[in-house]
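Chemist: Just upload-v4.txt, nothing more (compact mmCIF, C-alpha atoms):
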# COMPACT_ATOMS: atom_id res chain seq x y z
CA MET S 7 -30.14 27.34 22.05
CA LYS S 8 -27.89 26.60 19.09
CA LEU S 9 -26.21 23.21 19.26
CA ALA S 10 -23.45 21.81 17.07
CA TYR S 11 -23.73 18.05 16.61
CA GLU S 12 -21.88 15.05 15.28
CA ALA S 13 -24.07 12.18 14.10
CA PHE S 14 -24.11 9.12 11.84
CA ASP S 15 -26.59 8.49 9.05
CA ARG S 16 -27.98 5.05 8.22
CA SER S 17 -25.03 4.30 5.93
CA GLY S 18 -22.59 4.93 8.79
CA LYS S 19 -21.31 8.25 7.39
CA LEU S 20 -20.29 10.92 9.90
CA VAL S 21 -22.42 14.07 9.63
CA ARG S 22 -21.69 17.41 11.32
CA GLY S 23 -23.99 20.41 11.59
CA THR S 24 -25.92 22.78 13.85
CA ILE S 25 -29.54 22.83 15.04
CA GLU S 26 -31.69 25.31 16.98
CA CYS S 27 -33.51 23.65 19.90
CA SER S 28 -34.37 24.41 23.49
CA THR S 29 -32.93 21.14 24.86
CA ARG S 30 -30.56 18.41 23.78
CA GLU S 31 -33.37 15.83 23.99
CA GLU S 32 -35.48 17.81 21.53
CA ALA S 33 -32.52 18.19 19.16
CA SER S 34 -31.79 14.47 19.37
CA ALA S 35 -35.43 13.63 18.60
CA GLN S 36 -35.53 15.95 15.57
CA LEU S 37 -32.29 14.53 14.17
CA HIS S 38 -33.50 10.98 14.80
CA GLU S 39 -36.57 11.72 12.65
CA LYS S 40 -34.18 12.69 9.84
CA GLY S 41 -32.37 9.35 10.15
CA LEU S 42 -29.39 10.73 12.06
CA TYR S 43 -28.04 9.15 15.23
CA VAL S 44 -26.25 11.67 17.44
CA SER S 45 -22.90 10.79 18.99
CA GLN S 46 -22.25 14.15 20.66
CA PHE S 47 -23.47 17.74 21.05
CA HIS S 48 -21.50 20.97 21.54
CA THR S 49 -22.86 24.38 22.44
CA ASP S 50 -19.76 25.74 20.68
CA ALA S 51 -18.19 23.30 18.22
CA SER S 52 -14.87 25.03 17.86
CA HIS S 53 -14.41 25.34 21.61
CA GLY S 54 -15.25 21.71 22.18
CA ASP S 55 -12.81 20.47 19.58
CA HIS S 56 -10.11 22.74 20.86
CA ALA S 57 -10.53 21.66 24.43
CA GLY S 58 -10.45 18.04 23.47
CA THR S 59 -7.33 18.43 21.41
CA LYS S 60 -5.40 20.28 24.10
CA THR S 61 -6.06 17.70 26.79
CA SER S 62 -5.49 14.49 24.88
CA LEU S 63 -3.72 11.64 26.64
CA PRO S 64 -2.35 8.25 25.61
CA SER S 65 -5.01 5.57 25.50
CA ILE S 66 -3.88 3.57 28.54
CA LYS S 67 -3.48 6.74 30.62
CA ARG S 68 -6.87 8.07 29.54
CA LEU S 69 -8.56 4.78 30.37
CA LYS S 70 -6.93 4.68 33.78
CA GLY S 71 -8.06 8.22 34.54
CA LEU S 72 -11.59 7.66 33.21
CA SER S 73 -11.94 4.46 35.24
CA LEU S 74 -10.80 6.23 38.41
CA VAL S 75 -13.09 9.22 37.86
CA SER S 76 -16.10 7.01 37.07
CA ARG S 77 -15.62 4.78 40.13
CA GLN S 78 -15.11 7.65 42.55
CA LEU S 79 -17.98 9.66 41.08
CA ALA S 80 -20.33 6.67 41.36
CA LEU S 81 -19.22 6.07 44.94
CA LEU S 82 -19.74 9.69 46.00
CA ILE S 83 -23.13 9.96 44.30
CA SER S 84 -24.24 6.73 46.00
CA THR S 85 -23.63 8.44 49.38
CA GLY S 86 -25.89 11.34 48.41
CA THR S 87 -23.12 13.79 47.49
CA PRO S 88 -24.22 16.35 44.85
CA VAL S 89 -22.54 16.02 41.48
CA VAL S 90 -20.75 19.38 41.76
CA GLU S 91 -19.29 18.54 45.17
CA ALA S 92 -18.31 15.05 43.97
CA LEU S 93 -16.48 16.52 40.96
CA GLY S 94 -14.70 18.99 43.24
CA ALA S 95 -13.58 16.23 45.58
CA ILE S 96 -12.24 14.11 42.71
CA GLU S 97 -10.54 17.17 41.21
CA ARG S 98 -8.62 17.71 44.46
CA GLN S 99 -7.66 14.03 44.71
CA VAL S 100 -6.58 13.25 41.15
CA ALA S 101 -2.81 13.37 40.64
CA ASP S 102 -2.62 13.98 36.87
CA ALA S 103 -2.54 17.69 36.00
CA GLN S 104 -4.42 17.29 32.71
CA TRP S 105 -7.25 15.33 34.31
CA ARG S 106 -7.41 17.91 37.12
CA LYS S 107 -7.78 20.68 34.55
CA VAL S 108 -10.50 18.81 32.67
CA LEU S 109 -12.43 18.01 35.85
CA GLY S 110 -12.22 21.65 36.91
CA ASP S 111 -13.75 22.75 33.62
CA VAL S 112 -16.50 20.10 33.83
CA ARG S 113 -17.28 21.09 37.42
CA SER S 114 -17.58 24.79 36.55
CA ARG S 115 -19.95 24.02 33.67
CA VAL S 116 -22.12 21.80 35.85
CA GLU S 117 -22.24 24.61 38.43
CA ASP S 118 -23.59 26.90 35.68
CA GLY S 119 -26.44 24.46 35.02
CA THR S 120 -24.99 22.38 32.18
CA PRO S 121 -25.85 18.65 32.35
CA LEU S 122 -22.87 16.44 33.19
CA SER S 123 -22.94 14.61 29.85
CA GLU S 124 -22.95 17.92 27.94
CA ALA S 125 -20.11 19.29 30.08
CA MET S 126 -18.13 16.15 29.24
CA SER S 127 -18.72 16.74 25.52
CA PHE S 128 -16.34 19.73 25.66
CA HIS S 129 -13.53 17.20 26.19
CA PRO S 130 -14.21 14.42 23.65
CA LYS S 131 -10.63 13.13 23.80
CA MET S 132 -11.04 12.38 27.49
CA PHE S 133 -14.71 11.37 27.58
CA ASP S 134 -15.47 9.40 24.42
CA SER S 135 -18.89 9.00 22.84
CA VAL S 136 -19.66 5.80 24.76
CA ALA S 137 -18.85 7.45 28.12
CA ARG S 138 -20.99 10.50 27.31
CA SER S 139 -23.85 8.33 26.09
CA LEU S 140 -23.88 6.24 29.28
CA VAL S 141 -23.83 9.35 31.45
CA HIS S 142 -26.62 10.90 29.38
CA ALA S 143 -28.68 7.71 29.73
CA GLY S 144 -28.12 7.79 33.50
CA GLU S 145 -29.21 11.43 33.70
CA ALA S 146 -32.33 10.80 31.61
CA GLY S 147 -33.37 7.67 33.54
CA GLY S 148 -32.35 8.75 37.02
CA THR S 149 -29.76 5.95 37.20
CA LEU S 150 -26.56 8.00 36.99
CA GLU S 151 -24.83 5.99 39.72
CA ASP S 152 -25.52 2.69 37.93
CA MET S 153 -24.37 4.08 34.56
CA LEU S 154 -21.15 5.38 36.09
CA ARG S 155 -20.47 1.94 37.56
CA ARG S 156 -21.04 0.39 34.13
CA LEU S 157 -18.67 2.93 32.59
CA ALA S 158 -16.04 2.20 35.25
CA THR S 159 -16.33 -1.55 34.61
CA LEU S 160 -16.06 -1.07 30.85
CA THR S 161 -13.00 1.18 31.01
CA ARG S 162 -11.37 -0.96 33.70
CA GLN S 163 -11.74 -4.06 31.53
CA GLN S 164 -10.24 -2.27 28.51
CA GLU S 165 -7.37 -0.99 30.64
CA LYS S 166 -6.74 -4.47 32.05
CA LEU S 167 -6.71 -6.04 28.59
CA ILE S 168 -4.31 -3.45 27.15
CA ALA S 169 -2.01 -3.83 30.16
CA SER S 170 -2.09 -7.61 29.77
CA VAL S 171 -1.17 -7.44 26.08
CA LEU S 172 1.61 -4.90 26.67
CA GLY S 173 2.94 -6.89 29.63
CA SER S 174 2.99 -10.09 27.60
CA LEU S 175 4.89 -8.38 24.79
CA LEU S 176 7.38 -6.57 27.04
CA TYR S 177 9.67 -9.50 27.85
CA PRO S 178 9.91 -10.76 24.24
CA ALA S 179 10.65 -7.19 23.11
CA VAL S 180 13.45 -6.90 25.70
CA LEU S 181 14.88 -10.24 24.55
CA ILE S 182 14.88 -9.09 20.92
CA VAL S 183 16.66 -5.83 21.83
CA VAL S 184 19.23 -7.75 23.92
CA SER S 185 19.78 -10.20 21.07
CA ILE S 186 20.45 -7.43 18.57
CA GLY S 187 22.70 -5.64 21.07
CA VAL S 188 24.78 -8.75 21.77
CA LEU S 189 25.18 -9.44 18.06
CA VAL S 190 26.26 -5.86 17.30
CA LEU S 191 28.80 -5.89 20.16
CA MET S 192 30.32 -9.15 18.98
CA LEU S 193 30.62 -7.93 15.40
CA THR S 194 32.00 -4.46 16.20
CA PHE S 195 34.20 -5.10 19.27
CA VAL S 196 34.95 -8.81 19.68
CA LEU S 197 35.44 -9.96 16.09
CA PRO S 198 37.90 -7.15 15.13
CA LYS S 199 40.28 -8.39 17.87
CA PHE S 200 40.49 -11.69 15.96
CA THR S 201 41.10 -9.99 12.61
CA THR S 202 44.80 -9.27 13.25
CA MET S 203 45.36 -12.82 14.44
CA PHE S 204 43.66 -14.19 11.31
CA GLU S 205 45.97 -12.08 9.15
CA THR S 206 49.11 -13.39 10.91
CA LEU S 207 47.97 -16.99 10.41
CA ASP S 208 48.11 -16.52 6.63
CA ALA S 209 45.70 -19.41 6.21
CA PRO S 210 42.47 -19.67 4.20
CA LEU S 211 39.42 -18.67 6.25
CA PRO S 212 36.07 -20.48 6.19
CA ALA S 213 33.27 -18.83 4.23
CA THR S 214 31.27 -18.03 7.38
CA THR S 215 34.25 -16.26 8.96
CA GLN S 216 34.85 -14.22 5.78
CA PHE S 217 31.16 -13.30 5.70
CA LEU S 218 31.22 -12.04 9.31
CA LEU S 219 34.46 -10.13 8.71
CA VAL S 220 32.86 -8.28 5.77
CA ILE S 221 29.83 -7.38 7.89
CA SER S 222 32.06 -6.27 10.77
CA GLU S 223 34.21 -4.10 8.53
CA THR S 224 31.12 -2.52 6.94
CA MET S 225 29.57 -1.72 10.30
CA ARG S 226 32.80 -0.18 11.63
CA SER S 227 33.53 1.79 8.46
CA TYR S 228 30.03 3.14 7.88
CA TRP S 229 28.72 3.35 11.46
CA TRP S 230 27.73 6.98 10.87
CA ALA S 231 25.16 5.88 8.25
CA PHE S 232 23.16 3.61 10.55
CA PRO S 233 21.57 6.25 12.87
CA PRO S 234 20.17 8.30 9.93
CA LEU S 235 18.89 5.10 8.30
CA LEU S 236 17.13 4.07 11.52
CA ILE S 237 15.63 7.56 11.87
CA LEU S 238 14.44 7.56 8.26
CA ALA S 239 12.97 4.09 8.67
CA GLY S 240 11.11 5.21 11.82
CA LEU S 241 9.81 8.36 10.11
CA GLY S 242 8.73 6.30 7.10
CA ALA S 243 6.83 3.84 9.29
CA TRP S 244 5.22 6.70 11.22
CA ARG S 245 4.19 8.44 8.00
CA LEU S 246 2.85 5.18 6.56
CA MET S 247 0.72 4.66 9.67
CA GLY S 248 -0.53 8.24 9.33
CA THR S 249 -2.03 7.62 5.89
CA THR S 250 -5.35 5.91 5.27
CA GLY S 251 -3.84 3.42 2.85
CA GLY S 252 -1.00 2.58 5.22
CA ARG S 253 -3.34 2.01 8.15
CA GLN S 254 -5.54 -0.21 5.98
CA LYS S 255 -2.56 -2.35 4.93
CA ILE S 256 -1.33 -2.70 8.52
CA GLU S 257 -4.85 -3.56 9.67
CA TRP S 258 -5.21 -6.16 6.91
CA ILE S 259 -1.92 -7.79 7.97
CA LEU S 260 -2.97 -7.78 11.63
CA LEU S 261 -6.42 -9.24 10.94
CA HIS S 262 -5.35 -11.84 8.36
CA GLY S 263 -1.97 -12.96 9.72
CA PRO S 264 -1.61 -16.69 10.47
CA ILE S 265 -1.22 -16.36 14.26
CA VAL S 266 -1.51 -12.65 15.06
CA GLY S 267 -4.65 -12.36 12.95
CA LYS S 268 -6.65 -14.76 15.07
CA ILE S 269 -5.72 -12.92 18.26
CA ALA S 270 -6.36 -9.47 16.74
CA ARG S 271 -9.80 -10.53 15.48
CA ALA S 272 -10.71 -12.03 18.85
CA LEU S 273 -9.64 -8.89 20.71
CA MET S 274 -11.59 -6.62 18.36
CA VAL S 275 -14.76 -8.74 18.45
CA ALA S 276 -14.60 -8.90 22.26
CA ARG S 277 -14.34 -5.12 22.48
CA LEU S 278 -17.21 -4.66 20.02
CA VAL S 279 -19.46 -7.13 21.82
CA ARG S 280 -18.74 -5.67 25.26
CA MET S 281 -19.47 -2.08 24.17
CA LEU S 282 -22.72 -3.09 22.50
CA GLY S 283 -23.76 -5.06 25.56
CA VAL S 284 -23.06 -2.21 28.00
CA LEU S 285 -24.90 0.33 25.83
CA LEU S 286 -27.94 -1.92 25.35
CA GLU S 287 -28.08 -2.71 29.07
CA ALA S 288 -28.10 1.05 29.65
CA LYS S 289 -31.30 1.22 27.54
CA VAL S 290 -29.59 2.98 24.63
CA PRO S 291 -31.57 2.29 21.40
CA LEU S 292 -29.99 -0.38 19.22
CA LEU S 293 -29.34 1.88 16.23
CA GLU S 294 -27.75 4.52 18.42
CA ALA S 295 -25.69 1.85 20.21
CA LEU S 296 -24.41 0.60 16.85
CA ALA S 297 -23.45 4.15 15.84
CA LEU S 298 -21.65 4.81 19.12
CA THR S 299 -19.78 1.52 18.97
CA GLN S 300 -18.81 2.25 15.38
CA GLU S 301 -17.25 5.52 16.50
CA SER S 302 -15.29 3.84 19.30
CA ILE S 303 -13.90 0.91 17.27
CA PRO S 304 -10.52 1.67 15.61
CA SER S 305 -10.72 -1.06 12.95
CA ARG S 306 -11.97 0.02 9.53
CA HIS S 307 -13.32 -3.47 8.79
CA PHE S 308 -15.42 -3.56 11.94
CA LYS S 309 -16.58 0.03 11.40
CA GLN S 310 -17.96 -1.11 8.03
CA LEU S 311 -19.52 -4.15 9.68
CA LEU S 312 -21.33 -1.96 12.22
CA ALA S 313 -22.44 0.48 9.50
CA ARG S 314 -23.92 -2.37 7.43
CA ALA S 315 -25.57 -3.81 10.54
CA GLU S 316 -27.07 -0.40 11.36
CA THR S 317 -28.54 -0.11 7.87
CA GLN S 318 -29.89 -3.66 7.84
CA VAL S 319 -31.39 -3.36 11.32
CA ALA S 320 -33.08 -0.11 10.28
CA GLU S 321 -34.57 -2.03 7.34
CA GLY S 322 -36.00 -4.66 9.68
CA GLU S 323 -33.34 -7.39 9.75
CA SER S 324 -32.03 -8.90 12.97
CA LEU S 325 -28.63 -7.96 14.33
CA SER S 326 -27.53 -11.61 14.51
CA SER S 327 -28.24 -12.26 10.83
CA SER S 328 -26.28 -9.15 9.86
CA PHE S 329 -23.26 -10.19 11.93
CA ALA S 330 -23.46 -13.82 10.77
CA ARG S 331 -22.65 -12.75 7.19
CA ASP S 332 -19.24 -11.41 8.16
CA PRO S 333 -16.43 -14.01 7.95
CA MET S 334 -14.62 -12.53 10.96
CA ILE S 335 -17.58 -13.10 13.28
CA SER S 336 -17.59 -16.66 14.62
CA SER S 337 -20.76 -18.74 14.58
CA SER S 338 -20.78 -18.86 18.39
CA VAL S 339 -20.99 -15.05 18.59
CA ALA S 340 -23.80 -14.91 16.00
CA GLU S 341 -25.73 -17.69 17.76
CA SER S 342 -25.36 -15.94 21.13
CA MET S 343 -26.77 -12.76 19.57
CA GLN S 344 -29.64 -14.75 18.10
CA ASN S 345 -30.45 -16.28 21.50
CA GLY S 346 -30.32 -12.86 23.14
CA GLU S 347 -32.69 -11.41 20.54
CA ARG S 348 -35.09 -14.32 20.96
CA THR S 349 -35.21 -13.99 24.75
CA GLY S 350 -35.20 -10.19 24.78
CA ARG S 351 -31.97 -10.07 26.79
CA LEU S 352 -29.51 -9.08 24.05
CA GLY S 353 -27.63 -6.57 26.24
CA SER S 354 -26.92 -8.96 29.12
CA VAL S 355 -26.03 -11.78 26.72
CA LEU S 356 -23.50 -9.59 24.90
CA SER S 357 -21.99 -8.37 28.19
CA SER S 358 -21.56 -11.94 29.43
CA LEU S 359 -20.13 -12.97 26.07
CA GLY S 360 -17.65 -10.10 26.27
CA ASP S 361 -16.51 -11.31 29.71
CA PHE S 362 -15.92 -14.85 28.43
CA MET S 363 -14.09 -13.63 25.33
CA ASP S 364 -11.83 -11.30 27.33
CA GLU S 365 -10.85 -14.17 29.66
CA ASP S 366 -10.10 -16.44 26.70
CA ASN S 367 -8.11 -13.73 24.93
CA GLU S 368 -6.04 -13.03 28.02
CA MET S 369 -5.14 -16.71 28.31
CA ILE S 370 -4.28 -16.88 24.59
CA VAL S 371 -2.00 -13.83 24.82
CA ARG S 372 -0.21 -15.26 27.85
CA SER S 373 0.20 -18.66 26.19
CA LEU S 374 1.58 -17.06 23.04
CA SER S 375 4.01 -15.02 25.12
CA SER S 376 5.23 -18.15 26.92
CA ILE S 377 5.83 -19.79 23.53
CA ILE S 378 7.60 -16.78 21.99
CA GLU S 379 10.09 -16.40 24.86
CA PRO S 380 11.91 -19.75 24.42
CA VAL S 381 11.85 -19.29 20.64
CA ILE S 382 13.66 -15.96 21.01
CA LEU S 383 16.13 -17.47 23.47
CA VAL S 384 16.87 -20.31 21.06
CA GLY S 385 17.31 -17.81 18.23
CA LEU S 386 19.69 -15.75 20.37
CA GLY S 387 21.67 -18.87 21.21
CA ILE S 388 21.92 -19.84 17.53
CA MET S 389 23.12 -16.37 16.51
CA VAL S 390 25.73 -16.12 19.25
CA GLY S 391 26.83 -19.70 18.62
CA PHE S 392 27.17 -19.03 14.89
CA VAL S 393 29.37 -15.98 15.50
CA ALA S 394 31.48 -17.79 18.12
CA ILE S 395 32.05 -20.86 15.95
CA SER S 396 32.89 -18.66 12.95
CA MET S 397 35.52 -16.85 15.04
CA PHE S 398 37.15 -19.97 16.50
CA LEU S 399 36.82 -22.25 13.47
CA PRO S 400 40.06 -20.95 11.82
CA LEU S 401 41.93 -21.69 15.06
CA PHE S 402 40.56 -25.23 15.08
CA ASP S 403 41.60 -25.67 11.46
CA LEU S 404 45.09 -24.34 12.21
CA THR S 405 45.46 -26.71 15.18
CA THR S 406 44.39 -29.63 13.03
CA MET S 407 46.85 -28.67 10.28
CA THR S 408 49.69 -28.27 12.81
CA GLN S 409 49.03 -31.65 14.36
CA GLY S 410 48.83 -33.24 10.94
CA GLY S 411 52.12 -31.65 9.89
CA GLY S 412 53.79 -32.77 13.14
Please re-express this file's structure in structure tokens.

Modeler:
Amino acid sequence: MKLAYEAFDRSGKLVRGTIECSTREEASAQLHEKGLYVSQFHTDASHGDHAGTKTSLPSIKRLKGLSLVSRQLALLISTGTPVVEALGAIERQVADAQWRKVLGDVRSRVEDGTPLSEAMSFHPKMFDSVARSLVHAGEAGGTLEDMLRRLATLTRQQEKLIASVLGSLLYPAVLIVVSIGVLVLMLTFVLPKFTTMFETLDAPLPATTQFLLVISETMRSYWWAFPPLLILAGLGAWRLMGTTGGRQKIEWILLHGPIVGKIARALMVARLVRMLGVLLEAKVPLLEALALTQESIPSRHFKQLLARAETQVAEGESLSSSFARDPMISSSVAESMQNGERTGRLGSVLSSLGDFMDEDNEMIVRSLSSIIEPVILVGLGIMVGFVAISMFLPLFDLTTMTQGGG
């Protein structure tokens, strides 16, 4: 059987190729002897990539679907239901059309004798390398139910964290949009009604009022230019994020910012630690677990950290000493790793550490959101107050002058 593979070498570089072997286990062993750590196999590389690309979903939607499928599959298998029948039952129950299509394809391949993990590899956008590795470990060790429960817990935690972050940012984002909308309405509809009155007064206007009148006139005269500018700005930001250099700059800002940086680093380290812990608890070899985690982490900095750790561990160093050298890894994380290595319980220690870090991060995000909301409200009040005072200040001046003249 000819298998196409994707693997990582000891430097962390992605390697693609094909190999002739009778089983996936034999192919994995041969590649491991060459210093390659397999992340996925395909019986037909082009078909697998194509299937994955056609059925891609947004991250939060994919995680929700994967969590649901994993939980239900583990539950059905625990009752003695065969894998094919369990997949068919979930396929009939799932509401999303794309997930239903993917599950139908996976079920038909399993019916033809393909292992579940290999059938999942035809849809890498839906079943990532960590999910496939856990399922493969469950198939090899006869603990598929337990591995599916671990996968469900992992994806559920990621989904919960993303939902918490998005929920915490939703209200501040709405406040910002409302603030901008109120300001635009006052400048384009309310302030022009005062312009005629200011002209009839024939009195000198304060500098702030003149400044707002210039802005109002510009917005009303050149309103047609703002939509194209906003579209161009959005396209420019999207194109910047699509380039390697742009993503690196955005990542650097996120990881090194004064307030956001601390939260972004904590979220990324918690995700890294949790994935490593789950893979190690599933009896995945450490080097392979590092390679799989490297593939699943979006941050370039942490990808490089995992690649260096993989190389150093292969050379005989401990994982904790490799992580301790990175300035973004706190001493508490490195010490926890060291204790886990010393007691031989590195996987469970990392999983517990991931739980604690996720709880702390959720509290930090909520606290930051509760601080941002009053700041935005105060800013909105200052902006509206500034515009209102600038509009009524000439009337106050005129009243004062009239009373003085009387």

Chemist: Of the candidates S:Glu321, S:Asp102, S:Glu341, S:Glu124, which shows the shortest atom-to-atom distance to Leu359 of chain S, using all atoms listed in the file?

Modeler: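 Under the stated criterion, the closest residue is S:Glu341.
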
Chemist: Please identify every residue of segment 215-324 of chain S that has at least one atom no farther than 12 Å from an atom of segment 360-375 of chain S, counting all atoms listed in the file, and for each give the shortest atom pair and the distance in Å to one decimal, arranged by chain then increasing number, as a tab-separated table.

Modeler:
residue	atom	partner	partner_atom	distance
S:Ile265	CA	S:Leu374	CA	9.2
S:Val266	CA	S:Leu374	CA	9.6
S:Lys268	CA	S:Asn367	CA	10.0
S:Ile269	CA	S:Asn367	CA	7.1
S:Ala270	CA	S:Asn367	CA	9.4
S:Arg271	CA	S:Asn367	CA	10.1
S:Ala272	CA	S:Asn367	CA	6.8
S:Leu273	CA	S:Asn367	CA	6.6
S:Met274	CA	S:Asp364	CA	10.1
S:Val275	CA	S:Gly360	CA	8.4
S:Ala276	CA	S:Gly360	CA	5.2
S:Arg277	CA	S:Gly360	CA	7.1
S:Leu278	CA	S:Gly360	CA	8.3
S:Val279	CA	S:Gly360	CA	5.6
S:Arg280	CA	S:Gly360	CA	4.7
S:Met281	CA	S:Gly360	CA	8.5
S:Leu282	CA	S:Gly360	CA	9.4
S:Gly283	CA	S:Gly360	CA	8.0
S:Val284	CA	S:Gly360	CA	9.7

Chemist: Could you state the separation of atom CA of Leu157 of chain S and atom CA of Ser76 of chain S in Å, given to one decimal place?

Modeler: 6.6 Å

Chemist: Do you know which residues are at most 12 Å from Leu298 of chain S counting all atoms listed in the file, after dropping those on the same chain fewer than 4 positions away, and could you put them as a ChimeraX atom specification?

Modeler: /S:12-15,18,20,43-46,134-140,278,281-286,290-294,302-303,309,312-313,316

Chemist: Which residue, S:Gln99, S:Thr299, S:Ser357, S:Ser185, has the smallest gap to Gln78 of chain S when you use only C-alpha atoms?

Modeler: S:Gln99
